[in-house]
Amino acid sequence: MSKFPDNFLFGGAISACQAEGAWNEGGKSLTFPEIVKRVKKEDRTDFHKTTTITEKDIIEGKTGNPDNYPKRRGIDFFHSYKEDIRLLAEMGLRCFRFSISMARIFPNLTDEEPNEQALLVYDDIIREIRKNGMEPLVTMAHFDPPIAVYEKYGGYCNREMIDIFYRYSKVLLDRYHDEVKYWLPFNELNVGLNASFKALGIPYAEDEKYEQRKFQGLHNQMVASAKTVIYAHENYPDLQIGSMITHSLKYPYSPDPKDVIATDNYDHFRNYFFLDVTSYGYYPYYTIKYFKDHGIILDDCIEDYEILKKGTVDWIGFSYYNTSCVAFNDEGLDYSAGNYSRGVKNPKLGKDNGWGWQFDSLGFRISCNRLYDRYRKPLFILENGTGFEETMDEECRIHDPYRSDYLKMHLRSLRDAIDDGCQIIGYCWWGVIDLISSSTSEMSKRYGFIYVDQDDDGNGSKKRYLKDSYFEYQHIIRTNGEEL
Ligand code: BG6
C-alpha cells in the first residue's frame, strides 16, 4: 500500500481577511471583503448573492455600521496569533499557510515606504510559526484588495497595478526570504471571473466591457505574478513560488459527446487557462480564439509575454472542495452549489454539507491526476475541507465525527493519488481554525479543528476550544498518515 513521503507537509490554512480582524488598526486601509455583509441563511446557496458586489455596495459599506461587516472582526487572529499558532503546532501541523494583507503594508498603494509597524507584526507571526516548528507558506494576496485599488485605479484591470503589486511582493521577498520558502502571489486566480470584486477589485457590472475588464485584470495579475517569480529566482534561488486555482472538477452529465465538449470547454476557461499561462508561460490557443470572437482586446505589450515565458512557477497549487456536472442542455436539471463555481447536480453523488456542496472524495484523486498530468510540476494542496454548522455541548465539547470522516476520506484519496505517481508537496486543511466564510461571511459555517466561540453577529468570548477532529488530525500527522 502507498505511503505519504516522510517529509510530507501536513498543514492547515487561513487568510488575513477572514481571520485577522483589527480592520482599522496599525495604519491599515479598508479592503473589499470588509464591505461585504453576511448573506442571509435563505440565500446561502444563491450564487449571484454570494459573488456580487456593486458600486452601490461600496458606497454603503464605507459609511455603514462596522459591526455589520463580519470580516472586519474576523476571529481576531491579529491579536491572538501567538495562542492560535501554539494550538496549531500542538496539533502537529508541519506547515501553516496564512496571508499578508497588502492594505497593511501599503495602505494607499503608493506610499513612499512600506508600513514598518505592520511588517513588525508579520515578522513576529513568521517567527512564531518557525519557532513552533512549522513551515510557513505565505499568500501575498488572498481576496483582499484594498478599496483604493478600485477607487484609484478602477481595479486590477489598470496596468499600473502590475508594478504596485510587484513592489509589494519585492518588499515581502526581501524581508522574509530567509524564513519563508513557499510563496503564492495570488489566491485562486480563476475566481476573478466569478467574484471579480474580491479577486480583482472590480465590482460587478452589466455593461459589455465587464468581461474585458476581468480578463485584463487577470492578465495584469499573471504578469505581476511572473515578475515576482523572476525576481525570486534571480535573487533567492531557493524559494519556491507557486500559482493556484480552485479546481472546479466537472464531469460530463452524460456520455453524449456534446456534454463532453461542454465540459472540456468549461475546463479550459474556468480551470486550465490560469495555470496554462502561469505554468507554461503563454496564452493557450482557446483563449486567443475566444478573445478574437468576443472582441476582447488586451492592453498588453510584447514585454508582458517575455515576462510570462520567463516567470513560470515552480509548483501548482489548488483548492479542492466539491464537484458537479456540465450539460450541453441543462434545461430542467437541478444545480448544486459551490462558493465560486456551480454546476449541474451529480445524481451519482449523495450528501452535501448544508450549503449544497456535494462530497466527492474520489474526485480529489482525479483532480490530482489531471493537474499533475497536464503540468508535470509538484502539486501543493492549498485548501480542502468543508463547512458545517455546529455548537458546543454543556461541557464545551464539540463532537464532529463528520469532519473526521471527511478528512480521512480525502486523505485516503490523496494517498491513492501519490500511489498513482503524482508528486505532492503537502496538504493544507482549509480554515484549520474556525473563521469567517469567504462567500457568505458567516461564522456559523465552521471548517476548523479548533472552535472559536463567536456567533454570526460577533457575540461570544472568542475563546478557542479543541474539537474531537483536532485529535484525529493530530494522530494522522503523528503516524504520517499510516492509520487512516
Ligand atoms: C476558497 C477561498 O475559495 O474557499 C477561501 O480561498 C474560502 O478563502 C474557501 O474560505 C471556502 O469558501 P467559503 O465561502 O465556504 O468560506
# chains A, B, ... in the order shown; residues from 1 in each chain; ligands from 1
call {"tool": "residues_around", "arguments": {"residues": "stretch 266-268 of chain A", "least_positions_apart": "4", "cutoff": "12 Å", "atoms": "only C-alpha atoms", "output": "mmCIF file with all heavy atoms, in the first residue's frame"}}
result
data_model
loop_
_atom_site.group_PDB
_atom_site.id
_atom_site.type_symbol
_atom_site.label_atom_id
_atom_site.label_comp_id
_atom_site.auth_asym_id
_atom_site.auth_seq_id
_atom_site.Cartn_x
_atom_site.Cartn_y
_atom_site.Cartn_z
ATOM 1 N N ASN A 190 -8.550 31.777 -10.722
ATOM 2 C CA ASN A 190 -9.759 31.641 -11.558
ATOM 3 C C ASN A 190 -11.014 32.244 -10.927
ATOM 4 O O ASN A 190 -12.006 32.469 -11.625
ATOM 5 C CB ASN A 190 -10.025 30.175 -11.952
ATOM 6 C CG ASN A 190 -10.045 29.209 -10.789
ATOM 7 O OD1 ASN A 190 -9.550 29.523 -9.711
ATOM 8 N ND2 ASN A 190 -10.613 28.034 -10.986
ATOM 9 N N ILE A 245 -5.315 27.684 -8.495
ATOM 10 C CA ILE A 245 -6.734 27.824 -8.876
ATOM 11 C C ILE A 245 -7.570 27.069 -7.848
ATOM 12 O O ILE A 245 -7.033 26.254 -7.085
ATOM 13 C CB ILE A 245 -7.057 27.233 -10.270
ATOM 14 C CG1 ILE A 245 -6.690 25.732 -10.333
ATOM 15 C CG2 ILE A 245 -6.362 28.029 -11.363
ATOM 16 C CD1 ILE A 245 -7.290 24.992 -11.493
ATOM 17 N N THR A 246 -8.872 27.343 -7.842
ATOM 18 C CA THR A 246 -9.753 26.414 -7.157
ATOM 19 C C THR A 246 -10.135 25.417 -8.226
ATOM 20 O O THR A 246 -10.645 25.789 -9.296
ATOM 21 C CB THR A 246 -10.979 27.107 -6.522
ATOM 22 O OG1 THR A 246 -11.785 26.111 -5.910
ATOM 23 C CG2 THR A 246 -11.808 27.915 -7.495
ATOM 24 N N HIS A 247 -9.799 24.147 -8.034
ATOM 25 C CA HIS A 247 -10.086 23.191 -9.103
ATOM 26 C C HIS A 247 -11.551 22.781 -9.046
ATOM 27 O O HIS A 247 -11.957 21.981 -8.218
ATOM 28 C CB HIS A 247 -9.175 21.968 -9.053
ATOM 29 C CG HIS A 247 -9.245 21.175 -10.326
ATOM 30 N ND1 HIS A 247 -9.000 19.846 -10.421
ATOM 31 C CD2 HIS A 247 -9.570 21.571 -11.580
ATOM 32 C CE1 HIS A 247 -9.156 19.450 -11.670
ATOM 33 N NE2 HIS A 247 -9.513 20.483 -12.387
ATOM 34 N N SER A 248 -12.319 23.375 -9.957
ATOM 35 C CA SER A 248 -13.742 23.047 -10.039
ATOM 36 C C SER A 248 -13.878 21.855 -10.967
ATOM 37 O O SER A 248 -14.157 22.012 -12.157
ATOM 38 C CB SER A 248 -14.512 24.212 -10.645
ATOM 39 O OG SER A 248 -14.289 25.371 -9.917
ATOM 40 N N LEU A 249 -13.648 20.688 -10.404
ATOM 41 C CA LEU A 249 -13.704 19.481 -11.238
ATOM 42 C C LEU A 249 -15.140 19.249 -11.697
ATOM 43 O O LEU A 249 -16.074 19.239 -10.898
ATOM 44 C CB LEU A 249 -13.206 18.286 -10.426
ATOM 45 C CG LEU A 249 -13.205 16.943 -11.147
ATOM 46 C CD1 LEU A 249 -12.205 16.925 -12.297
ATOM 47 C CD2 LEU A 249 -12.889 15.806 -10.172
ATOM 48 N N LYS A 250 -15.294 19.075 -13.000
ATOM 49 C CA LYS A 250 -16.635 18.859 -13.568
ATOM 50 C C LYS A 250 -16.638 17.566 -14.365
ATOM 51 O O LYS A 250 -15.674 17.258 -15.070
ATOM 52 C CB LYS A 250 -17.000 20.017 -14.520
ATOM 53 C CG LYS A 250 -17.116 21.367 -13.827
ATOM 54 C CD LYS A 250 -18.446 21.519 -13.122
ATOM 55 C CE LYS A 250 -18.642 22.866 -12.487
ATOM 56 N NZ LYS A 250 -18.050 23.012 -11.162
ATOM 57 N N TYR A 251 -17.748 16.838 -14.245
ATOM 58 C CA TYR A 251 -17.927 15.633 -15.053
ATOM 59 C C TYR A 251 -18.965 15.938 -16.140
ATOM 60 O O TYR A 251 -19.909 16.694 -15.888
ATOM 61 C CB TYR A 251 -18.476 14.492 -14.208
ATOM 62 C CG TYR A 251 -17.654 14.171 -12.979
ATOM 63 C CD1 TYR A 251 -18.163 14.387 -11.702
ATOM 64 C CD2 TYR A 251 -16.378 13.630 -13.105
ATOM 65 C CE1 TYR A 251 -17.421 14.081 -10.563
ATOM 66 C CE2 TYR A 251 -15.625 13.332 -11.964
ATOM 67 C CZ TYR A 251 -16.151 13.561 -10.701
ATOM 68 O OH TYR A 251 -15.407 13.260 -9.588
ATOM 69 N N PRO A 252 -18.817 15.277 -17.326
ATOM 70 C CA PRO A 252 -19.899 15.413 -18.303
ATOM 71 C C PRO A 252 -21.171 14.800 -17.705
ATOM 72 O O PRO A 252 -21.103 13.751 -17.048
ATOM 73 C CB PRO A 252 -19.417 14.584 -19.498
ATOM 74 C CG PRO A 252 -17.957 14.356 -19.278
ATOM 75 C CD PRO A 252 -17.709 14.427 -17.801
ATOM 76 N N ASP A 259 -22.078 16.835 -24.273
ATOM 77 C CA ASP A 259 -21.811 17.118 -22.853
ATOM 78 C C ASP A 259 -20.300 17.097 -22.588
ATOM 79 O O ASP A 259 -19.786 17.864 -21.766
ATOM 80 C CB ASP A 259 -22.498 16.081 -21.948
ATOM 81 C CG ASP A 259 -24.003 16.326 -21.833
ATOM 82 O OD1 ASP A 259 -24.466 17.380 -22.323
ATOM 83 O OD2 ASP A 259 -24.705 15.464 -21.274
ATOM 84 N N VAL A 260 -19.618 16.199 -23.306
ATOM 85 C CA VAL A 260 -18.161 16.094 -23.103
ATOM 86 C C VAL A 260 -17.468 17.372 -23.600
ATOM 87 O O VAL A 260 -16.620 17.954 -22.908
ATOM 88 C CB VAL A 260 -17.588 14.841 -23.805
ATOM 89 C CG1 VAL A 260 -16.071 14.779 -23.658
ATOM 90 C CG2 VAL A 260 -18.234 13.573 -23.245
ATOM 91 N N ILE A 261 -17.887 17.845 -24.760
ATOM 92 C CA ILE A 261 -17.263 19.080 -25.284
ATOM 93 C C ILE A 261 -17.584 20.263 -24.363
ATOM 94 O O ILE A 261 -16.717 21.090 -24.058
ATOM 95 C CB ILE A 261 -17.731 19.375 -26.726
ATOM 96 C CG1 ILE A 261 -17.114 18.340 -27.661
ATOM 97 C CG2 ILE A 261 -17.304 20.787 -27.161
ATOM 98 C CD1 ILE A 261 -17.323 18.584 -29.120
ATOM 99 N N ALA A 262 -18.815 20.322 -23.883
ATOM 100 C CA ALA A 262 -19.187 21.431 -22.983
ATOM 101 C C ALA A 262 -18.327 21.383 -21.714
ATOM 102 O O ALA A 262 -17.921 22.422 -21.170
ATOM 103 C CB ALA A 262 -20.670 21.353 -22.632
ATOM 104 N N TYR A 272 -8.149 25.573 -16.514
ATOM 105 C CA TYR A 272 -6.788 25.461 -17.036
ATOM 106 C C TYR A 272 -6.143 26.777 -17.473
ATOM 107 O O TYR A 272 -4.925 26.929 -17.371
ATOM 108 C CB TYR A 272 -6.740 24.472 -18.197
ATOM 109 C CG TYR A 272 -7.079 23.061 -17.802
ATOM 110 C CD1 TYR A 272 -7.816 22.239 -18.643
ATOM 111 C CD2 TYR A 272 -6.657 22.540 -16.581
ATOM 112 C CE1 TYR A 272 -8.127 20.935 -18.280
ATOM 113 C CE2 TYR A 272 -6.967 21.239 -16.209
ATOM 114 C CZ TYR A 272 -7.699 20.439 -17.065
ATOM 115 O OH TYR A 272 -8.002 19.162 -16.699
ATOM 116 N N PHE A 273 -6.949 27.692 -18.000
ATOM 117 C CA PHE A 273 -6.381 28.918 -18.580
ATOM 118 C C PHE A 273 -5.316 29.542 -17.657
ATOM 119 O O PHE A 273 -4.196 29.855 -18.063
ATOM 120 C CB PHE A 273 -7.523 29.901 -18.880
ATOM 121 C CG PHE A 273 -7.097 31.318 -19.103
ATOM 122 C CD1 PHE A 273 -6.114 31.633 -20.045
ATOM 123 C CD2 PHE A 273 -7.676 32.362 -18.379
ATOM 124 C CE1 PHE A 273 -5.727 32.954 -20.253
ATOM 125 C CE2 PHE A 273 -7.284 33.677 -18.583
ATOM 126 C CZ PHE A 273 -6.303 33.972 -19.515
ATOM 127 N N PHE A 274 -5.640 29.681 -16.402
ATOM 128 C CA PHE A 274 -4.798 30.402 -15.436
ATOM 129 C C PHE A 274 -3.495 29.653 -15.165
ATOM 130 O O PHE A 274 -2.434 30.258 -15.012
ATOM 131 C CB PHE A 274 -5.585 30.583 -14.129
ATOM 132 C CG PHE A 274 -6.986 31.044 -14.415
ATOM 133 C CD1 PHE A 274 -8.007 30.146 -14.733
ATOM 134 C CD2 PHE A 274 -7.269 32.389 -14.428
ATOM 135 C CE1 PHE A 274 -9.283 30.576 -15.041
ATOM 136 C CE2 PHE A 274 -8.540 32.832 -14.735
ATOM 137 C CZ PHE A 274 -9.548 31.923 -15.044
ATOM 138 N N LEU A 275 -3.599 28.338 -15.110
ATOM 139 C CA LEU A 275 -2.385 27.555 -14.868
ATOM 140 C C LEU A 275 -1.595 27.382 -16.163
ATOM 141 O O LEU A 275 -0.362 27.307 -16.137
ATOM 142 C CB LEU A 275 -2.747 26.190 -14.272
ATOM 143 C CG LEU A 275 -3.378 26.235 -12.881
ATOM 144 C CD1 LEU A 275 -3.749 24.832 -12.404
ATOM 145 C CD2 LEU A 275 -2.438 26.884 -11.859
ATOM 146 N N ASP A 276 -2.296 27.327 -17.296
ATOM 147 C CA ASP A 276 -1.568 27.238 -18.574
ATOM 148 C C ASP A 276 -0.651 28.456 -18.721
ATOM 149 O O ASP A 276 0.517 28.334 -19.082
ATOM 150 C CB ASP A 276 -2.545 27.206 -19.761
ATOM 151 C CG ASP A 276 -3.204 25.829 -19.926
ATOM 152 O OD1 ASP A 276 -2.894 24.909 -19.143
ATOM 153 O OD2 ASP A 276 -4.050 25.688 -20.843
ATOM 154 N N VAL A 277 -1.183 29.637 -18.415
ATOM 155 C CA VAL A 277 -0.384 30.858 -18.587
ATOM 156 C C VAL A 277 0.760 30.899 -17.565
ATOM 157 O O VAL A 277 1.913 31.162 -17.913
ATOM 158 C CB VAL A 277 -1.257 32.129 -18.465
ATOM 159 C CG1 VAL A 277 -0.399 33.394 -18.563
ATOM 160 C CG2 VAL A 277 -2.345 32.144 -19.529
ATOM 161 N N TYR A 283 -0.191 32.183 -23.618
ATOM 162 C CA TYR A 283 -1.642 32.100 -23.705
ATOM 163 C C TYR A 283 -2.039 30.889 -24.549
ATOM 164 O O TYR A 283 -1.510 30.684 -25.638
ATOM 165 C CB TYR A 283 -2.204 33.385 -24.353
ATOM 166 C CG TYR A 283 -2.585 34.414 -23.325
ATOM 167 C CD1 TYR A 283 -1.622 34.971 -22.489
ATOM 168 C CD2 TYR A 283 -3.912 34.807 -23.154
ATOM 169 C CE1 TYR A 283 -1.969 35.901 -21.516
ATOM 170 C CE2 TYR A 283 -4.263 35.738 -22.194
ATOM 171 C CZ TYR A 283 -3.295 36.277 -21.371
ATOM 172 O OH TYR A 283 -3.646 37.184 -20.407
ATOM 173 N N PRO A 284 -2.992 30.088 -24.058
ATOM 174 C CA PRO A 284 -3.420 28.923 -24.828
ATOM 175 C C PRO A 284 -4.272 29.311 -26.044
ATOM 176 O O PRO A 284 -4.915 30.365 -26.045
ATOM 177 C CB PRO A 284 -4.256 28.135 -23.823
ATOM 178 C CG PRO A 284 -4.666 29.106 -22.774
ATOM 179 C CD PRO A 284 -3.638 30.185 -22.741
ATOM 180 N N TYR A 285 -4.279 28.431 -27.034
ATOM 181 C CA TYR A 285 -4.991 28.716 -28.297
ATOM 182 C C TYR A 285 -6.463 29.036 -28.055
ATOM 183 O O TYR A 285 -7.036 29.907 -28.691
ATOM 184 C CB TYR A 285 -4.854 27.516 -29.260
ATOM 185 C CG TYR A 285 -5.641 26.289 -28.811
ATOM 186 C CD1 TYR A 285 -6.949 26.078 -29.251
ATOM 187 C CD2 TYR A 285 -5.096 25.356 -27.928
ATOM 188 C CE1 TYR A 285 -7.672 24.973 -28.819
ATOM 189 C CE2 TYR A 285 -5.817 24.278 -27.486
ATOM 190 C CZ TYR A 285 -7.106 24.081 -27.935
ATOM 191 O OH TYR A 285 -7.834 23.010 -27.487
ATOM 192 N N TYR A 286 -7.097 28.332 -27.083
ATOM 193 C CA TYR A 286 -8.549 28.509 -26.927
ATOM 194 C C TYR A 286 -8.892 29.904 -26.404
ATOM 195 O O TYR A 286 -9.933 30.454 -26.717
ATOM 196 C CB TYR A 286 -9.146 27.403 -26.028
ATOM 197 C CG TYR A 286 -8.462 27.239 -24.688
ATOM 198 C CD1 TYR A 286 -8.810 28.042 -23.595
ATOM 199 C CD2 TYR A 286 -7.463 26.288 -24.510
ATOM 200 C CE1 TYR A 286 -8.184 27.896 -22.371
ATOM 201 C CE2 TYR A 286 -6.824 26.136 -23.287
ATOM 202 C CZ TYR A 286 -7.192 26.941 -22.228
ATOM 203 O OH TYR A 286 -6.572 26.799 -21.012
ATOM 204 N N THR A 287 -7.986 30.500 -25.604
ATOM 205 C CA THR A 287 -8.273 31.853 -25.105
ATOM 206 C C THR A 287 -8.064 32.873 -26.215
ATOM 207 O O THR A 287 -8.842 33.812 -26.368
ATOM 208 C CB THR A 287 -7.348 32.212 -23.924
ATOM 209 O OG1 THR A 287 -7.258 31.099 -23.058
ATOM 210 C CG2 THR A 287 -7.871 33.398 -23.148
ATOM 211 N N ILE A 288 -7.011 32.663 -26.990
ATOM 212 C CA ILE A 288 -6.738 33.604 -28.088
ATOM 213 C C ILE A 288 -7.961 33.647 -29.019
ATOM 214 O O ILE A 288 -8.440 34.709 -29.418
ATOM 215 C CB ILE A 288 -5.456 33.169 -28.844
ATOM 216 C CG1 ILE A 288 -4.264 33.298 -27.889
ATOM 217 C CG2 ILE A 288 -5.248 33.992 -30.113
ATOM 218 C CD1 ILE A 288 -2.971 32.705 -28.373
ATOM 219 N N LYS A 289 -8.500 32.453 -29.296
ATOM 220 C CA LYS A 289 -9.670 32.373 -30.177
ATOM 221 C C LYS A 289 -10.883 33.053 -29.518
ATOM 222 O O LYS A 289 -11.630 33.793 -30.154
ATOM 223 C CB LYS A 289 -9.945 30.886 -30.446
ATOM 224 C CG LYS A 289 -11.225 30.563 -31.158
ATOM 225 C CD LYS A 289 -11.058 30.736 -32.663
ATOM 226 C CE LYS A 289 -12.211 30.167 -33.472
ATOM 227 N NZ LYS A 289 -13.476 30.788 -33.340
ATOM 228 N N TYR A 290 -11.055 32.790 -28.233
ATOM 229 C CA TYR A 290 -12.213 33.360 -27.515
ATOM 230 C C TYR A 290 -12.133 34.898 -27.540
ATOM 231 O O TYR A 290 -13.125 35.578 -27.805
ATOM 232 C CB TYR A 290 -12.233 32.842 -26.081
ATOM 233 C CG TYR A 290 -13.424 33.327 -25.277
ATOM 234 C CD1 TYR A 290 -14.627 32.627 -25.307
ATOM 235 C CD2 TYR A 290 -13.342 34.495 -24.512
ATOM 236 C CE1 TYR A 290 -15.738 33.079 -24.593
ATOM 237 C CE2 TYR A 290 -14.439 34.957 -23.790
ATOM 238 C CZ TYR A 290 -15.631 34.241 -23.825
ATOM 239 O OH TYR A 290 -16.723 34.702 -23.122
ATOM 240 N N SER A 324 -19.237 18.872 -9.641
ATOM 241 C CA SER A 324 -20.598 18.822 -10.213
ATOM 242 C C SER A 324 -20.461 18.486 -11.699
ATOM 243 O O SER A 324 -19.378 18.091 -12.137
ATOM 244 C CB SER A 324 -21.325 20.150 -9.980
ATOM 245 O OG SER A 324 -20.534 21.220 -10.422
ATOM 246 N N CYS A 325 -21.534 18.641 -12.435
ATOM 247 C CA CYS A 325 -21.519 18.208 -13.845
ATOM 248 C C CYS A 325 -21.769 19.373 -14.788
ATOM 249 O O CYS A 325 -22.240 20.433 -14.382
ATOM 250 C CB CYS A 325 -22.622 17.185 -14.097
ATOM 251 S SG CYS A 325 -22.465 15.702 -13.105
ATOM 252 N N VAL A 326 -21.463 19.126 -16.055
ATOM 253 C CA VAL A 326 -21.774 20.102 -17.104
ATOM 254 C C VAL A 326 -22.644 19.401 -18.141
ATOM 255 O O VAL A 326 -22.353 18.267 -18.555
ATOM 256 C CB VAL A 326 -20.484 20.625 -17.775
ATOM 257 C CG1 VAL A 326 -20.832 21.596 -18.907
ATOM 258 C CG2 VAL A 326 -19.579 21.311 -16.759
ATOM 259 N N ALA A 327 -23.727 20.059 -18.528
ATOM 260 C CA ALA A 327 -24.604 19.500 -19.561
ATOM 261 C C ALA A 327 -24.723 20.509 -20.689
ATOM 262 O O ALA A 327 -24.840 21.716 -20.443
ATOM 263 C CB ALA A 327 -25.979 19.213 -18.978
ATOM 264 N N PHE A 328 -24.679 20.001 -21.917
ATOM 265 C CA PHE A 328 -24.832 20.891 -23.071
ATOM 266 C C PHE A 328 -26.192 21.600 -22.986
ATOM 267 O O PHE A 328 -26.319 22.789 -23.218
ATOM 268 C CB PHE A 328 -24.709 20.042 -24.342
ATOM 269 C CG PHE A 328 -25.056 20.784 -25.585
ATOM 270 C CD1 PHE A 328 -24.177 21.723 -26.102
ATOM 271 C CD2 PHE A 328 -26.261 20.549 -26.242
ATOM 272 C CE1 PHE A 328 -24.492 22.423 -27.255
ATOM 273 C CE2 PHE A 328 -26.582 21.250 -27.391
ATOM 274 C CZ PHE A 328 -25.696 22.184 -27.898
ATOM 275 N N SER A 341 -18.073 28.413 -7.876
ATOM 276 C CA SER A 341 -18.430 27.755 -9.118
ATOM 277 C C SER A 341 -19.633 26.883 -8.812
ATOM 278 O O SER A 341 -19.817 26.447 -7.683
ATOM 279 C CB SER A 341 -17.283 26.882 -9.619
ATOM 280 O OG SER A 341 -17.306 25.636 -8.987
ATOM 281 N N ARG A 342 -20.460 26.691 -9.768
ATOM 282 C CA ARG A 342 -21.598 25.820 -9.562
ATOM 283 C C ARG A 342 -21.773 24.959 -10.794
ATOM 284 O O ARG A 342 -21.137 25.198 -11.815
ATOM 285 C CB ARG A 342 -22.856 26.645 -9.265
ATOM 286 C CG ARG A 342 -23.264 27.537 -10.396
ATOM 287 C CD ARG A 342 -24.208 28.615 -9.936
ATOM 288 N NE ARG A 342 -25.553 28.114 -9.681
ATOM 289 C CZ ARG A 342 -26.529 28.120 -10.576
ATOM 290 N NH1 ARG A 342 -26.324 28.554 -11.803
ATOM 291 N NH2 ARG A 342 -27.732 27.677 -10.274
ATOM 292 N N GLY A 343 -22.602 23.942 -10.690
ATOM 293 C CA GLY A 343 -22.798 23.082 -11.847
ATOM 294 C C GLY A 343 -24.027 22.223 -11.653
ATOM 295 O O GLY A 343 -24.705 22.291 -10.620
ATOM 296 N N SER A 367 -8.674 14.946 -9.534
ATOM 297 C CA SER A 367 -8.116 16.304 -9.662
ATOM 298 C C SER A 367 -6.590 16.270 -9.661
ATOM 299 O O SER A 367 -5.943 16.903 -10.500
ATOM 300 C CB SER A 367 -8.529 17.151 -8.459
ATOM 301 O OG SER A 367 -9.654 17.885 -8.734
ATOM 302 N N ARG A 370 -5.312 14.805 -12.926
ATOM 303 C CA ARG A 370 -5.495 15.711 -14.084
ATOM 304 C C ARG A 370 -4.434 16.812 -14.065
ATOM 305 O O ARG A 370 -3.831 17.113 -15.088
ATOM 306 C CB ARG A 370 -6.868 16.388 -14.014
ATOM 307 C CG ARG A 370 -8.017 15.464 -14.203
ATOM 308 C CD ARG A 370 -8.671 15.664 -15.562
ATOM 309 N NE ARG A 370 -9.631 14.594 -15.753
ATOM 310 C CZ ARG A 370 -10.944 14.743 -15.653
ATOM 311 N NH1 ARG A 370 -11.449 15.927 -15.387
ATOM 312 N NH2 ARG A 370 -11.752 13.718 -15.842
ATOM 313 N N LEU A 371 -4.243 17.422 -12.896
ATOM 314 C CA LEU A 371 -3.339 18.580 -12.842
ATOM 315 C C LEU A 371 -1.877 18.144 -12.947
ATOM 316 O O LEU A 371 -1.066 18.798 -13.591
ATOM 317 C CB LEU A 371 -3.588 19.397 -11.568
ATOM 318 C CG LEU A 371 -4.974 20.047 -11.503
ATOM 319 C CD1 LEU A 371 -5.188 20.745 -10.160
ATOM 320 C CD2 LEU A 371 -5.173 21.056 -12.630
#
call {"tool": "residues_near_ligand", "arguments": {"ligand": "ligand 1", "cutoff": "8 Å", "atoms": "only C-alpha atoms and all ligand atoms", "output": "list of chain:residue names"}}
result
A:Ile14, A:Ser15, A:Gln18, A:His142, A:Phe143, A:Asn187, A:Glu188, A:Val191, A:Thr246, A:Ser319, A:Tyr321, A:Asn339, A:Tyr340, A:Glu383, A:Gly385, A:Thr386, A:Gly387, A:Trp430, A:Gly431, A:Ile436, A:Ser437, A:Ser438, A:Ser439, A:Thr440, A:Ser441, A:Lys445
call {"tool": "closest_residue", "arguments": {"among": "A:Lys309, A:Phe471, A:Asp144, A:Ser336", "to": "A:Pro401", "atoms": "only C-alpha atoms"}}
result
A:Phe471
call {"tool": "residues_around", "arguments": {"residues": "stretch 149-151 of chain A", "least_positions_apart": "4", "cutoff": "7 Å", "atoms": "only C-alpha atoms", "output": "PyMOL selection string"}}
result
chain A and resi 145+155-156+201-202
call {"tool": "write_last_selection", "arguments": {"atoms": "N, CA and C atoms", "output": "PDB file, in the first residue's frame"}}
result
ATOM      1  N   PRO A 145      -8.247  42.862  -1.924  1.00  0.00           N
ATOM      2  CA  PRO A 145      -7.703  44.109  -2.468  1.00  0.00           C
ATOM      3  C   PRO A 145      -8.162  45.308  -1.652  1.00  0.00           C
ATOM      4  N   GLY A 155      -9.476  49.050 -10.382  1.00  0.00           N
ATOM      5  CA  GLY A 155      -9.302  47.598 -10.206  1.00  0.00           C
ATOM      6  C   GLY A 155      -7.992  47.133 -10.822  1.00  0.00           C
ATOM      7  N   TYR A 156      -7.742  45.810 -10.726  1.00  0.00           N
ATOM      8  CA  TYR A 156      -6.513  45.244 -11.300  1.00  0.00           C
ATOM      9  C   TYR A 156      -6.479  45.381 -12.822  1.00  0.00           C
ATOM     10  N   GLY A 201     -10.678  43.425  -7.437  1.00  0.00           N
ATOM     11  CA  GLY A 201     -11.057  44.791  -7.066  1.00  0.00           C
ATOM     12  C   GLY A 201     -11.935  45.443  -8.130  1.00  0.00           C
ATOM     13  N   ILE A 202     -12.690  44.633  -8.836  1.00  0.00           N
ATOM     14  CA  ILE A 202     -13.580  45.160  -9.886  1.00  0.00           C
ATOM     15  C   ILE A 202     -15.017  44.811  -9.503  1.00  0.00           C
TER      16      ILE A 202
END
call {"tool": "select_by_dssp", "arguments": {"residues": "stretch 126-364 of chain A", "states": "helix (DSSP H, G or I)", "output": "NGL selection string"}}
result
:A and (126-131 or 147-153 or 160-176 or 189-193 or 196-200 or 210-235 or 257-280 or 285-293 or 302-310 or 361-364)
call {"tool": "residues_around", "arguments": {"residues": "stretch 117-124 of chain A", "least_positions_apart": "4", "cutoff": "9 Å", "atoms": "only C-alpha atoms", "output": "list in words"}}
result
Gly26, Gly27, Lys28, Phe78, Lys82, Ile100, Arg104, Ile105, Glu128, Ile129, Leu172, Arg175 and Tyr176 of chain A
call {"tool": "residues_around", "arguments": {"residues": "A:Ile450", "least_positions_apart": "4", "cutoff": "7 Å", "atoms": "only C-alpha atoms", "output": "list of chain:residue names"}}
result
A:Val432, A:Ile433, A:Asp434, A:Arg464, A:Tyr465, A:Leu466, A:Lys467, A:Tyr470
call {"tool": "write_last_selection", "arguments": {"atoms": "C-alpha atoms", "output": "CSV table (one decimal), in the first residue's frame"}}
result
chain,number,residue,atom,x,y,z
A,432,VAL,CA,-7.9,25.0,10.3
A,433,ILE,CA,-9.4,27.2,13.0
A,434,ASP,CA,-13.0,28.5,12.6
A,464,ARG,CA,-10.7,28.6,21.4
A,465,TYR,CA,-11.9,25.0,22.1
A,466,LEU,CA,-10.4,21.8,20.6
A,467,LYS,CA,-12.9,19.7,18.6
A,470,TYR,CA,-8.3,18.1,16.3
